[in-house]
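Novice: As input, take target-v9.cif (mmCIF, C-alpha atoms):
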```
data_work
#
loop_
_atom_site.label_atom_id
_atom_site.label_comp_id
_atom_site.auth_asym_id
_atom_site.auth_seq_id
_atom_site.Cartn_x
_atom_site.Cartn_y
_atom_site.Cartn_z
CA MET A 7 133.60 156.66 116.66
CA THR A 8 130.48 157.48 118.68
CA LEU A 9 128.40 156.79 115.59
CA ALA A 10 129.94 153.37 115.27
CA GLU A 11 129.35 152.69 118.93
CA GLU A 12 125.70 153.67 118.66
CA ASN A 13 125.27 151.52 115.57
CA GLY A 14 127.20 148.64 117.08
CA ILE A 15 124.22 147.40 119.03
CA ASN A 16 122.11 147.53 115.86
CA LEU A 17 124.27 144.75 114.45
CA PHE A 18 122.57 142.39 116.86
CA ILE A 19 119.00 143.55 116.29
CA PRO A 20 117.28 141.65 113.49
CA GLU A 21 115.38 143.84 111.04
CA VAL A 22 111.90 142.77 109.98
CA TYR A 23 112.71 142.83 106.27
CA ASP A 24 115.87 140.82 106.95
CA ILE A 25 113.86 138.17 108.79
CA VAL A 26 111.35 138.06 105.93
CA TRP A 27 114.00 137.59 103.27
CA SER A 28 116.03 135.13 105.32
CA LEU A 29 112.95 132.97 105.86
CA VAL A 30 111.85 133.22 102.22
CA ILE A 31 115.29 132.31 100.96
CA LEU A 32 115.75 129.50 103.43
CA ALA A 33 112.32 128.12 102.58
CA VAL A 34 113.13 128.16 98.87
CA ILE A 35 116.49 126.49 99.43
CA ALA A 36 115.03 123.93 101.83
CA VAL A 37 112.26 123.01 99.38
CA PHE A 38 114.88 122.63 96.66
CA PHE A 39 117.02 120.37 98.83
CA TYR A 40 114.16 118.33 100.33
CA LYS A 41 112.14 117.85 97.17
CA PHE A 42 114.71 117.70 94.42
CA PHE A 43 118.38 117.73 95.28
CA MET A 44 118.59 115.12 98.04
CA PRO A 45 116.09 112.61 96.56
CA LYS A 46 117.84 112.87 93.21
CA PHE A 47 121.28 112.14 94.62
CA GLN A 48 119.88 109.54 97.01
CA ALA A 49 118.39 107.78 94.00
CA ILE A 50 121.74 107.95 92.23
CA PHE A 51 123.54 106.56 95.29
CA ASP A 52 120.98 103.78 95.71
CA GLU A 53 121.09 102.89 92.05
CA ARG A 54 124.88 102.79 92.13
CA THR A 55 124.88 100.59 95.21
CA ALA A 56 122.31 98.30 93.63
CA LYS A 57 124.34 98.12 90.46
CA ILE A 58 127.57 97.32 92.29
CA GLU A 59 125.83 94.74 94.45
CA GLY A 60 124.06 93.36 91.38
CA GLY A 61 127.38 93.08 89.57
CA ILE A 62 128.94 91.25 92.47
CA ALA A 63 125.94 88.95 92.75
CA LYS A 64 126.05 88.30 89.00
CA ALA A 65 129.73 87.46 89.14
CA GLU A 66 129.10 85.14 92.07
CA GLN A 67 126.24 83.51 90.18
CA ALA A 68 128.43 83.01 87.13
CA GLN A 69 131.18 81.53 89.26
CA LYS A 70 128.71 79.23 90.96
CA GLU A 71 127.32 78.11 87.62
CA ALA A 72 130.80 77.48 86.29
CA ALA A 73 131.67 75.47 89.37
CA GLU A 74 128.46 73.50 89.01
CA ALA A 75 129.12 72.82 85.33
CA LYS A 76 132.65 71.75 86.15
CA ALA A 77 131.45 69.42 88.89
CA LYS A 78 128.85 68.03 86.52
CA TYR A 79 131.39 67.40 83.77
CA GLU A 80 133.81 65.85 86.21
CA SER A 81 131.17 63.53 87.60
CA GLN A 82 130.10 62.63 84.06
CA LEU A 83 133.71 61.96 83.17
CA SER A 84 134.29 59.77 86.17
CA ASN A 85 130.99 57.99 85.47
CA ALA A 86 132.11 57.41 81.93
CA ARG A 87 135.43 56.10 83.18
CA VAL A 88 133.72 53.72 85.59
CA GLU A 89 131.37 52.60 82.87
CA ALA A 90 134.20 52.03 80.45
CA ALA A 91 136.07 50.01 83.03
CA LYS A 92 132.92 48.04 83.72
CA ILE A 93 132.33 47.39 80.05
CA ARG A 94 135.92 46.29 79.68
CA ASP A 95 135.63 43.98 82.65
CA ASP A 96 132.35 42.60 81.38
CA ALA A 97 133.84 42.00 77.97
CA ARG A 98 136.83 40.30 79.46
CA ALA A 99 134.65 38.16 81.69
CA GLU A 100 132.38 37.31 78.80
CA ALA A 101 135.30 36.46 76.59
CA SER A 102 136.76 34.10 79.16
CA HIS A 103 133.32 32.71 79.68
CA ILE A 104 132.91 32.11 75.94
CA VAL A 105 136.32 30.51 75.76
CA ALA A 106 135.58 28.30 78.74
CA ASP A 107 132.21 27.43 77.26
CA ALA A 108 133.71 26.61 73.93
CA ARG A 109 136.38 24.55 75.56
CA ALA A 110 133.88 22.69 77.67
CA ARG A 111 131.67 22.09 74.67
CA ALA A 112 134.63 20.95 72.62
CA GLU A 113 135.73 18.62 75.38
CA ALA A 114 132.24 17.26 75.77
CA ASP A 115 132.01 16.79 72.01
CA ALA A 116 135.36 15.12 71.94
CA ALA A 117 134.40 12.88 74.83
CA GLN A 118 131.14 12.01 73.16
CA ILE A 119 132.82 11.33 69.86
CA THR A 120 135.37 9.17 71.62
CA ALA A 121 132.63 7.38 73.52
CA ASN A 122 130.63 6.90 70.33
CA ALA A 123 133.64 5.56 68.54
CA GLN A 124 134.37 3.28 71.46
CA ARG A 125 130.82 2.12 71.55
CA SER A 126 130.61 1.45 67.83
CA LEU A 127 133.97 -0.24 67.98
CA GLU A 128 132.79 -2.44 70.79
CA SER A 129 129.55 -3.25 69.07
CA GLN A 130 131.36 -3.99 65.85
CA GLN A 131 133.74 -6.14 67.76
CA GLN A 132 130.83 -7.86 69.42
CA GLN A 133 129.15 -8.32 66.09
CA ALA A 134 132.31 -9.66 64.63
CA MET A 135 132.68 -11.92 67.62
CA VAL A 136 129.12 -13.17 67.35
CA SER A 137 129.35 -13.79 63.66
CA LEU A 138 132.79 -15.24 64.15
CA LYS A 139 131.44 -17.46 66.86
CA GLY A 140 128.74 -18.76 64.57
CA GLU A 141 131.04 -19.22 61.61
CA VAL A 142 133.89 -20.64 63.62
CA GLY A 143 131.50 -23.09 65.26
CA ALA A 144 130.16 -24.26 61.92
CA LEU A 145 133.57 -24.36 60.41
CA ALA A 146 135.10 -26.19 63.35
CA THR A 147 132.26 -28.65 63.39
CA ALA A 148 132.61 -29.30 59.75
CA LEU A 149 136.31 -29.54 60.13
CA ALA A 150 136.16 -31.80 63.11
CA GLY A 151 133.53 -33.89 61.44
CA LYS A 152 135.73 -34.29 58.48
CA ILE A 153 138.70 -35.02 60.69
CA LEU A 154 136.82 -37.41 62.93
CA GLY A 155 134.96 -38.70 60.04
CA ALA A 156 132.13 -38.98 62.04
CA LYS A 157 129.31 -36.70 62.32
CA LEU A 158 128.73 -35.48 65.75
CA GLN A 159 125.20 -36.26 66.27
CA ASP A 160 124.56 -34.79 69.56
CA SER A 161 123.97 -31.06 69.26
CA ASP A 162 124.59 -30.63 72.96
CA VAL A 163 128.08 -31.96 72.64
CA GLN A 164 128.52 -29.83 69.57
CA SER A 165 127.68 -26.57 71.32
CA SER A 166 129.73 -27.38 74.45
CA MET A 167 132.72 -28.08 72.32
CA ILE A 168 132.34 -24.79 70.54
CA ASP A 169 131.92 -22.94 73.78
CA SER A 170 135.07 -24.41 75.24
CA MET A 171 136.91 -23.52 72.09
CA ILE A 172 135.77 -19.92 72.27
CA ALA A 173 136.67 -19.82 75.94
CA ASP A 174 140.06 -21.04 74.95
CA LEU A 175 140.32 -18.36 72.30
CA ASP A 176 139.28 -15.75 74.80
CA ALA A 177 141.75 -16.96 77.34
CA LYS A 178 144.50 -16.85 74.76
CA LYS A 179 143.61 -13.43 73.67
CA MET B 6 160.52 160.22 110.94
CA ASN B 7 161.69 162.75 108.48
CA GLU B 8 159.92 165.82 107.28
CA ALA B 9 158.77 164.40 103.96
CA LEU B 10 157.16 161.43 105.57
CA LEU B 11 155.17 163.60 107.97
CA ASN B 12 154.13 165.82 105.11
CA GLY B 13 152.90 162.82 103.23
CA LEU B 14 150.77 161.73 106.16
CA ALA B 15 149.45 165.22 106.62
CA LEU B 16 148.47 165.49 102.96
CA ALA B 17 146.22 162.50 103.12
CA ALA B 18 144.58 163.68 106.27
CA ASP B 19 141.50 161.46 106.03
CA GLY B 20 143.45 158.28 106.72
CA PRO B 21 142.66 154.85 105.32
CA LYS B 22 138.98 154.02 104.83
CA PHE B 23 138.87 151.23 107.36
CA PRO B 24 135.70 149.12 107.44
CA THR B 25 133.25 149.83 110.23
CA VAL B 26 130.11 148.16 111.54
CA ASN B 27 128.26 150.39 109.12
CA ASP B 28 129.36 147.96 106.39
CA PHE B 29 126.77 145.63 107.86
CA LEU B 30 124.07 148.25 108.46
CA LEU B 31 123.33 149.20 104.90
CA PRO B 32 120.63 151.45 103.48
CA GLN B 33 117.51 149.82 102.09
CA ILE B 34 117.79 150.01 98.32
CA ILE B 35 114.65 148.31 97.08
CA PHE B 36 111.17 148.60 98.61
CA PRO B 37 112.47 150.77 101.48
CA GLY B 38 110.33 150.91 104.57
CA THR B 39 108.31 147.79 103.72
CA PRO B 40 108.77 144.29 105.17
CA PHE B 41 110.22 143.39 101.77
CA ALA B 42 112.93 146.03 101.80
CA MET B 43 116.31 144.92 100.53
CA ASN B 44 119.75 146.14 101.32
CA ARG B 45 122.97 145.10 99.66
CA ILE B 46 123.52 142.04 101.85
CA ILE B 47 120.03 140.73 101.11
CA MET B 48 120.62 141.21 97.39
CA VAL B 49 123.89 139.33 97.70
CA ARG B 50 121.98 136.61 99.51
CA ILE B 51 119.31 136.38 96.80
CA ILE B 52 121.84 136.34 93.97
CA ALA B 53 123.94 133.73 95.77
CA THR B 54 120.82 131.63 96.32
CA VAL B 55 119.81 131.84 92.67
CA ILE B 56 123.31 130.92 91.51
CA MET B 57 123.56 128.06 93.98
CA LEU B 58 120.15 126.66 93.05
CA ILE B 59 120.92 126.89 89.34
CA ILE B 60 124.30 125.19 89.67
CA LEU B 61 123.17 122.49 92.08
CA GLY B 62 119.91 122.07 90.16
CA ILE B 63 121.76 121.46 86.91
CA SER B 64 124.15 119.13 88.73
CA ALA B 65 121.27 117.12 90.15
CA ALA B 66 119.32 117.09 86.90
CA ARG B 67 122.32 115.83 84.97
CA ALA B 68 123.48 113.45 87.67
CA LYS B 69 124.55 110.16 86.19
CA LEU B 70 125.39 106.77 87.59
CA ILE B 71 129.01 107.24 86.63
CA PRO B 72 129.92 110.69 87.94
CA GLY B 73 132.03 113.23 86.12
CA ARG B 74 134.47 115.47 87.96
CA TRP B 75 131.97 118.10 89.01
CA GLN B 76 129.35 115.58 90.04
CA GLY B 77 132.05 113.75 91.96
CA ALA B 78 132.87 116.93 93.85
CA VAL B 79 129.21 117.60 94.68
CA GLU B 80 128.76 114.01 95.77
CA TRP B 81 131.88 114.28 97.88
CA VAL B 82 130.33 117.17 99.81
CA ILE B 83 127.01 115.34 100.21
CA GLU B 84 128.81 112.23 101.42
CA PHE B 85 131.00 114.31 103.71
CA VAL B 86 127.93 115.82 105.39
CA ARG B 87 126.28 112.42 105.54
CA ASP B 88 129.16 110.32 106.80
CA GLN B 89 131.35 112.77 108.71
CA ILE B 90 128.63 114.86 110.32
CA VAL B 91 125.22 113.20 110.49
CA TYR B 92 126.04 109.49 110.64
CA GLN B 93 129.10 110.17 112.75
CA VAL B 94 127.04 111.90 115.44
CA MET B 95 123.64 110.21 115.19
CA GLY B 96 124.22 106.94 113.48
CA LYS B 97 122.50 105.87 110.31
CA GLU B 98 119.07 105.00 111.63
CA ARG B 99 118.40 108.29 113.38
CA GLY B 100 120.41 110.38 110.96
CA GLN B 101 118.43 109.61 107.80
CA ARG B 102 115.55 111.83 108.90
CA TYR B 103 117.89 114.82 109.29
CA LEU B 104 120.06 114.32 106.20
CA PRO B 105 118.21 116.86 104.01
CA MET B 106 118.14 119.43 106.81
CA ILE B 107 121.82 119.23 107.67
CA THR B 108 122.79 119.10 103.99
CA THR B 109 120.68 122.19 103.31
CA MET B 110 122.33 123.99 106.21
CA PHE B 111 125.85 123.02 105.25
CA PHE B 112 125.56 123.92 101.57
CA THR B 113 123.72 127.17 102.23
CA ILE B 114 125.98 128.41 105.01
CA LEU B 115 129.06 127.45 103.02
CA VAL B 116 127.91 129.29 99.90
CA PHE B 117 126.69 132.31 101.88
CA ASN B 118 129.96 132.49 103.82
CA LEU B 119 132.00 132.26 100.64
CA CYS B 120 130.24 135.35 99.27
CA GLY B 121 132.50 137.28 101.63
CA ILE B 122 135.52 136.67 99.42
CA ILE B 123 133.83 136.63 96.03
CA PRO B 124 134.79 139.85 94.23
CA GLY B 125 131.72 142.00 93.64
CA PHE B 126 129.88 140.55 96.62
CA ASN B 127 132.66 141.14 99.15
CA ILE B 128 130.34 140.47 102.02
CA ALA B 129 129.13 137.19 103.42
CA ALA B 130 125.42 136.62 102.93
CA THR B 131 125.41 135.37 106.51
CA ALA B 132 126.83 138.69 107.73
CA THR B 133 123.63 140.00 109.27
CA ILE B 134 122.48 138.59 112.58
CA THR B 135 119.22 137.43 111.03
CA MET B 136 120.43 134.73 108.66
CA PRO B 137 122.41 132.81 111.32
CA LEU B 138 119.50 133.39 113.70
CA VAL B 139 117.06 131.80 111.26
CA PHE B 140 119.31 128.77 110.89
CA ALA B 141 119.67 128.58 114.68
CA GLY B 142 115.89 128.87 115.00
CA TRP B 143 115.47 125.92 112.67
CA CYS B 144 117.89 123.94 114.79
CA PHE B 145 116.04 125.07 117.95
CA CYS B 146 112.68 123.86 116.59
CA GLN B 147 114.15 120.55 115.48
CA TYR B 148 115.71 119.63 118.81
CA TRP B 149 112.57 120.57 120.71
CA ILE B 150 110.39 118.60 118.27
CA ALA B 151 112.75 115.63 118.45
CA GLY B 152 112.74 115.68 122.26
CA ILE B 153 108.97 115.92 122.54
CA ARG B 154 108.39 113.28 119.88
CA GLU B 155 110.89 110.80 121.26
CA LYS B 156 110.37 111.22 125.01
CA GLY B 157 107.25 113.34 125.54
CA LEU B 158 107.50 116.90 126.82
CA GLY B 159 107.69 116.05 130.54
CA SER B 160 110.26 113.33 130.20
CA PHE B 161 112.32 115.46 127.80
CA LEU B 162 112.37 118.42 130.19
CA LYS B 163 113.14 116.16 133.15
CA ASP B 164 116.10 114.60 131.34
CA GLU B 165 117.38 117.97 130.21
CA LEU B 166 116.83 120.00 133.38
CA PHE B 167 117.65 117.33 135.94
CA PRO B 168 120.43 115.26 134.41
CA LYS B 169 120.81 111.83 135.97
CA GLY B 170 123.71 111.00 138.25
CA VAL B 171 123.97 114.45 139.82
CA PRO B 172 123.55 114.94 143.59
CA ALA B 173 120.27 116.72 144.39
CA PRO B 174 121.72 120.01 145.79
CA ILE B 175 123.64 120.60 142.58
CA TYR B 176 120.31 120.98 140.75
CA ILE B 177 119.94 124.39 142.40
CA LEU B 178 122.87 125.52 140.28
CA LEU B 179 122.52 123.20 137.36
CA THR B 180 118.84 123.46 136.51
CA PRO B 181 118.80 127.22 135.77
CA ILE B 182 121.88 126.77 133.65
CA GLN B 183 120.20 123.91 131.80
CA ILE B 184 117.09 126.04 131.22
CA LEU B 185 119.25 128.82 129.85
CA GLU B 186 121.20 126.30 127.77
CA LEU B 187 118.05 124.84 126.26
CA LEU B 188 116.28 128.11 125.54
CA VAL B 189 118.98 130.69 124.95
CA ILE B 190 122.56 129.54 124.92
CA ARG B 191 122.30 126.94 122.19
CA PRO B 192 120.59 129.10 119.53
CA VAL B 193 122.38 132.29 120.51
CA SER B 194 125.82 130.68 120.54
CA LEU B 195 125.14 129.16 117.12
CA THR B 196 124.02 132.55 115.81
CA LEU B 197 126.80 134.62 117.31
CA ARG B 198 129.59 132.25 116.41
CA LEU B 199 128.69 132.32 112.73
CA PHE B 200 127.78 136.00 112.61
CA ALA B 201 130.85 137.21 114.51
CA ASN B 202 133.14 135.09 112.36
CA MET B 203 131.72 136.63 109.22
CA VAL B 204 131.88 140.19 110.59
CA SER B 205 135.42 139.82 111.87
CA GLY B 206 136.51 138.13 108.65
CA HIS B 207 135.11 140.97 106.59
CA ILE B 208 136.73 143.56 108.82
CA THR B 209 140.09 141.80 108.83
CA VAL B 210 140.25 141.53 105.06
CA GLY B 211 138.84 145.05 104.76
CA VAL B 212 141.48 146.52 107.07
CA CYS B 213 144.29 144.85 105.15
CA LEU B 214 143.01 146.04 101.78
CA ALA B 215 142.11 149.55 102.98
CA ALA B 216 145.61 149.91 104.38
CA THR B 217 147.04 148.64 101.10
CA GLN B 218 145.04 151.21 99.15
CA TRP B 219 146.24 153.90 101.51
CA PHE B 220 149.89 152.95 101.53
CA LEU B 221 150.29 152.06 97.87
CA ILE B 222 148.12 154.64 96.18
CA GLU B 223 146.87 157.47 98.33
CA ILE B 224 150.06 158.52 100.14
CA PRO B 225 152.27 160.48 97.81
CA ASN B 226 155.45 159.38 99.58
CA LYS B 227 156.38 156.07 98.01
CA LEU B 228 158.48 154.92 100.97
CA TRP B 229 155.22 153.71 102.54
CA SER B 230 154.75 151.30 99.62
CA ILE B 231 156.89 148.75 101.43
CA LEU B 232 154.28 148.57 104.16
CA GLY B 233 151.60 148.48 101.48
CA VAL B 234 153.14 145.36 99.94
CA GLY B 235 153.06 143.81 103.40
CA THR B 236 149.39 144.65 103.93
CA LEU B 237 148.53 143.39 100.44
CA ALA B 238 150.18 140.08 101.25
CA ALA B 239 148.29 140.02 104.54
CA GLY B 240 145.05 140.73 102.66
CA LEU B 241 145.74 137.80 100.34
CA ILE B 242 146.52 135.51 103.25
CA MET B 243 143.45 136.62 105.17
CA THR B 244 141.31 136.05 102.07
CA LEU B 245 142.56 132.48 101.87
CA PHE B 246 142.02 132.19 105.60
CA GLU B 247 138.43 133.34 105.09
CA ILE B 248 137.85 130.42 102.72
CA LEU B 249 138.94 128.13 105.51
CA VAL B 250 136.76 129.97 108.03
CA ALA B 251 133.78 129.82 105.68
CA ALA B 252 134.05 126.06 105.37
CA LEU B 253 134.89 125.59 109.02
CA GLN B 254 131.93 127.62 110.25
CA ALA B 255 129.57 125.75 107.94
CA PHE B 256 130.97 122.50 109.31
CA ILE B 257 130.71 123.64 112.95
CA PHE B 258 127.16 124.88 112.48
CA ALA B 259 126.04 121.64 110.87
CA MET B 260 127.93 119.56 113.44
CA LEU B 261 126.47 121.38 116.45
CA THR B 262 122.95 121.30 115.01
CA THR B 263 123.26 117.55 114.59
CA ALA B 264 124.67 117.17 118.08
CA TYR B 265 121.91 119.28 119.69
CA ILE B 266 119.19 117.29 117.92
CA ASN B 267 120.89 114.05 118.90
CA MET B 268 120.95 115.12 122.56
CA SER B 269 117.15 115.24 122.52
CA TYR B 270 116.99 111.55 121.74
CA PRO B 271 116.93 109.03 124.57
CA GLU B 272 120.21 107.35 125.33
CA THR B 273 120.08 103.90 123.83
CA GLU B 274 123.36 102.13 124.07
#
```
Can the structure in the file be given as structure tokens, please?

Specialist:
Amino acid sequence: MTLAEENGINLFIPEVYDIVWSLVILAVIAVFFYKFFMPKFQAIFDERTAKIEGGIAKAEQAQKEAAEAKAKYESQLSNARVEAAKIRDDARAEASHIVADARARAEADAAQITANAQRSLESQQQQAMVSLKGEVGALATALAGKILGAKLQDSDVQSSMIDSMIADLDAKK
Amino acid sequence: MNEALLNGLALAADGPKFPTVNDFLLPQIIFPGTPFAMNRIIMVRIIATVIMLIILGISAARAKLIPGRWQGAVEWVIEFVRDQIVYQVMGKERGQRYLPMITTMFFTILVFNLCGIIPGFNIAATATITMPLVFAGWCFCQYWIAGIREKGLGSFLKDELFPKGVPAPIYILLTPIQILELLVIRPVSLTLRLFANMVSGHITVGVCLAATQWFLIEIPNKLWSILGVGTLAAGLIMTLFEILVAALQAFIFAMLTTAYINMSYPETE
């Protein structure tokens, strides 16, 4: 027991060779950890973080692109719809325009044709009247001459008679 | 006690071979008398170091982005030291500088402590005063360097020796204690806590197993075997307990080192 008691204090006295080996070993281990072990795992951790973050970013990017594409298609679709509606409206407007045009032209044509017909009718009538006037005058004169037996000498009387006759005809008509 | 029992005790007069402090004061086997002399504990330490460096070296060399089980376990320890010890105490910004140091300490102390229960080694590589003292010395240097670098020597000493918010007369008591704390208590408490834990652990397990040997094998009277079964069970339990102590002491050492270094930094809150 006395031996143990004497040695007991030696437990707490560092030996030179123990210090040497402790320092050597710790230095070796520390170099290993500082130069190889920690940087290696740090690199792995960083790479993993980067990869996870990259993956998330990529997914977000893809989602954003998809959303953009969708928005683009939707806007194109609505544009197309608007355009189609516009084309339809235009067509309808044009059609009604064409119809109205055609109708107006037809009416104008009809009116013109009617007017032409009227005019030619009138002129024909006038012509007929003029020629009739001449012929009727001559005929009536001849007739009257024959009836009266006497030749109406005075051309002034002649023409006034004819005029009054025509006025009579006109009034009768 | 009956006659036979007493006879049995008398026959094995030497008694159980209980462990003594001489288990830690071993003869120099290699290069005796030189500064490079080795005893058994130092050989255990060197072998443990070589094994640890080989295993961790292979783990690091083969480390992949997607970890396997073993790499996951190693990473778990690294992340435990990082998140639960260093970043917990110092925060990320300050802690990054000390990550390799604290990781080195934790891994090394853990492995060295575990040697105490590895069959064939049967003694912790930290079970001489010197190894814990060297670790404590490292810690000592780091907190002095940190204090001088961050505050300057004068300001560091002023903050440490004359803590703010204390009435002036108290400094008569407090300042000597703070000097002792800074120079002696911190490193010595770190050293003794680890060393004493390893010594007592070795002795506890040793006592249980020596008693088991004695009761089960060396005493002729087999009635004592019942006690031997009890001591064997106690030896098993204490061995498991030593695993816990090994990890716990590594954790405490790393934690306190981090805390001491952190105390040298100026308070910035």

Novice: Give one line per residue of chain B that approaches chain A to at most 6 Å, naming the two atoms of the closest pair and their distance in Å to one decimal, counting only C-alpha atoms; sort by chain then ascending residue number and deliver it as a Markdown table.

Specialist:
```
| residue | atom | partner | partner_atom | distance |
| --- | --- | --- | --- | --- |
| B:Pro40 | CA | A:Tyr23 | CA | 4.3 |
| B:Phe41 | CA | A:Tyr23 | CA | 5.2 |
| B:Ala42 | CA | A:Tyr23 | CA | 5.5 |
| B:Ala65 | CA | A:Phe43 | CA | 5.9 |
| B:Pro105 | CA | A:Tyr40 | CA | 5.7 |
| B:Ile134 | CA | A:Phe18 | CA | 5.7 |
| B:Thr135 | CA | A:Pro20 | CA | 5.3 |
| B:Met136 | CA | A:Ser28 | CA | 5.5 |
```

Novice: Between atom CA of Leu61 of chain B and atom CA of Val86 of chain B, what is the distance, to one decimal in Å?

Specialist: 15.6 Å

Novice: Show me as a PDB file with C-alpha atoms, keeping the file's coordinate frame the residues that reach within 8 Å of (116.1, 119.8, 134.8), counting all atoms listed in the file and using the file's own coordinates.

Specialist:
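Below you can see part-v3.pdb, which holds the result:
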```pdb
ATOM      1  CA  LEU B 162     112.370 118.420 130.190  1.00  0.00           C
ATOM      2  CA  LYS B 163     113.140 116.160 133.150  1.00  0.00           C
ATOM      3  CA  ASP B 164     116.100 114.600 131.340  1.00  0.00           C
ATOM      4  CA  GLU B 165     117.380 117.970 130.210  1.00  0.00           C
ATOM      5  CA  LEU B 166     116.830 120.000 133.380  1.00  0.00           C
ATOM      6  CA  PHE B 167     117.650 117.330 135.940  1.00  0.00           C
ATOM      7  CA  PRO B 168     120.430 115.260 134.410  1.00  0.00           C
ATOM      8  CA  TYR B 176     120.310 120.980 140.750  1.00  0.00           C
ATOM      9  CA  LEU B 179     122.520 123.200 137.360  1.00  0.00           C
ATOM     10  CA  THR B 180     118.840 123.460 136.510  1.00  0.00           C
ATOM     11  CA  PRO B 181     118.800 127.220 135.770  1.00  0.00           C
ATOM     12  CA  GLN B 183     120.200 123.910 131.800  1.00  0.00           C
ATOM     13  CA  ILE B 184     117.090 126.040 131.220  1.00  0.00           C
TER      14      ILE B 184
END
```

Novice: When the PyMOL selection byres ((chain A and resi 166-171) around 12) is applied to the file above, which residues end up in the set, as a list in words?

Specialist: Leu138, Lys139, Gly140, Glu141, Val142, Gly143, Ala144, Leu145, Ala146, Thr147, Ala148, Ala150, Leu158, Asp160, Ser161, Asp162, Val163, Gln164, Ser165, Ile172, Ala173, Asp174, Leu175, Asp176, Ala177 and Lys178 of chain A

Novice: Could you write out as lines of an AutoDock Vina configuration file the box around segment 26-38 of chain B (axis-aligned, all atoms listed in the file, 3 Å on each side), with centre and edge lengths in Å to one decimal?

Specialist:
```
center_x = 120.2
center_y = 148.5
center_z = 104.3
size_x = 25.8
size_y = 11.8
size_z = 20.5
```

Novice: Near Met260 of chain B, counting all atoms listed in the file, which residues have an atom at most 7 Å away, once you skip same-chain residues fewer than 4 positions from it, shown as a VMD selection string?

Specialist: chain B and resid 90 256 264

Novice: Given the file shown, enumerate the residues that the PyMOL selection byres ((chain B and resi 248) around 10) captures and present them as a list in words.

Specialist: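 Residues picked by the PyMOL selection byres ((chain B and resi 248) around 10): Leu115, Asn118, Leu119, Cys120, Gly121, Ile122, Ile123, Gly206, Met243, Thr244, Leu245, Phe246, Glu247, Leu249, Val250, Ala251, Ala252, Leu253 and Gln254 of chain B.
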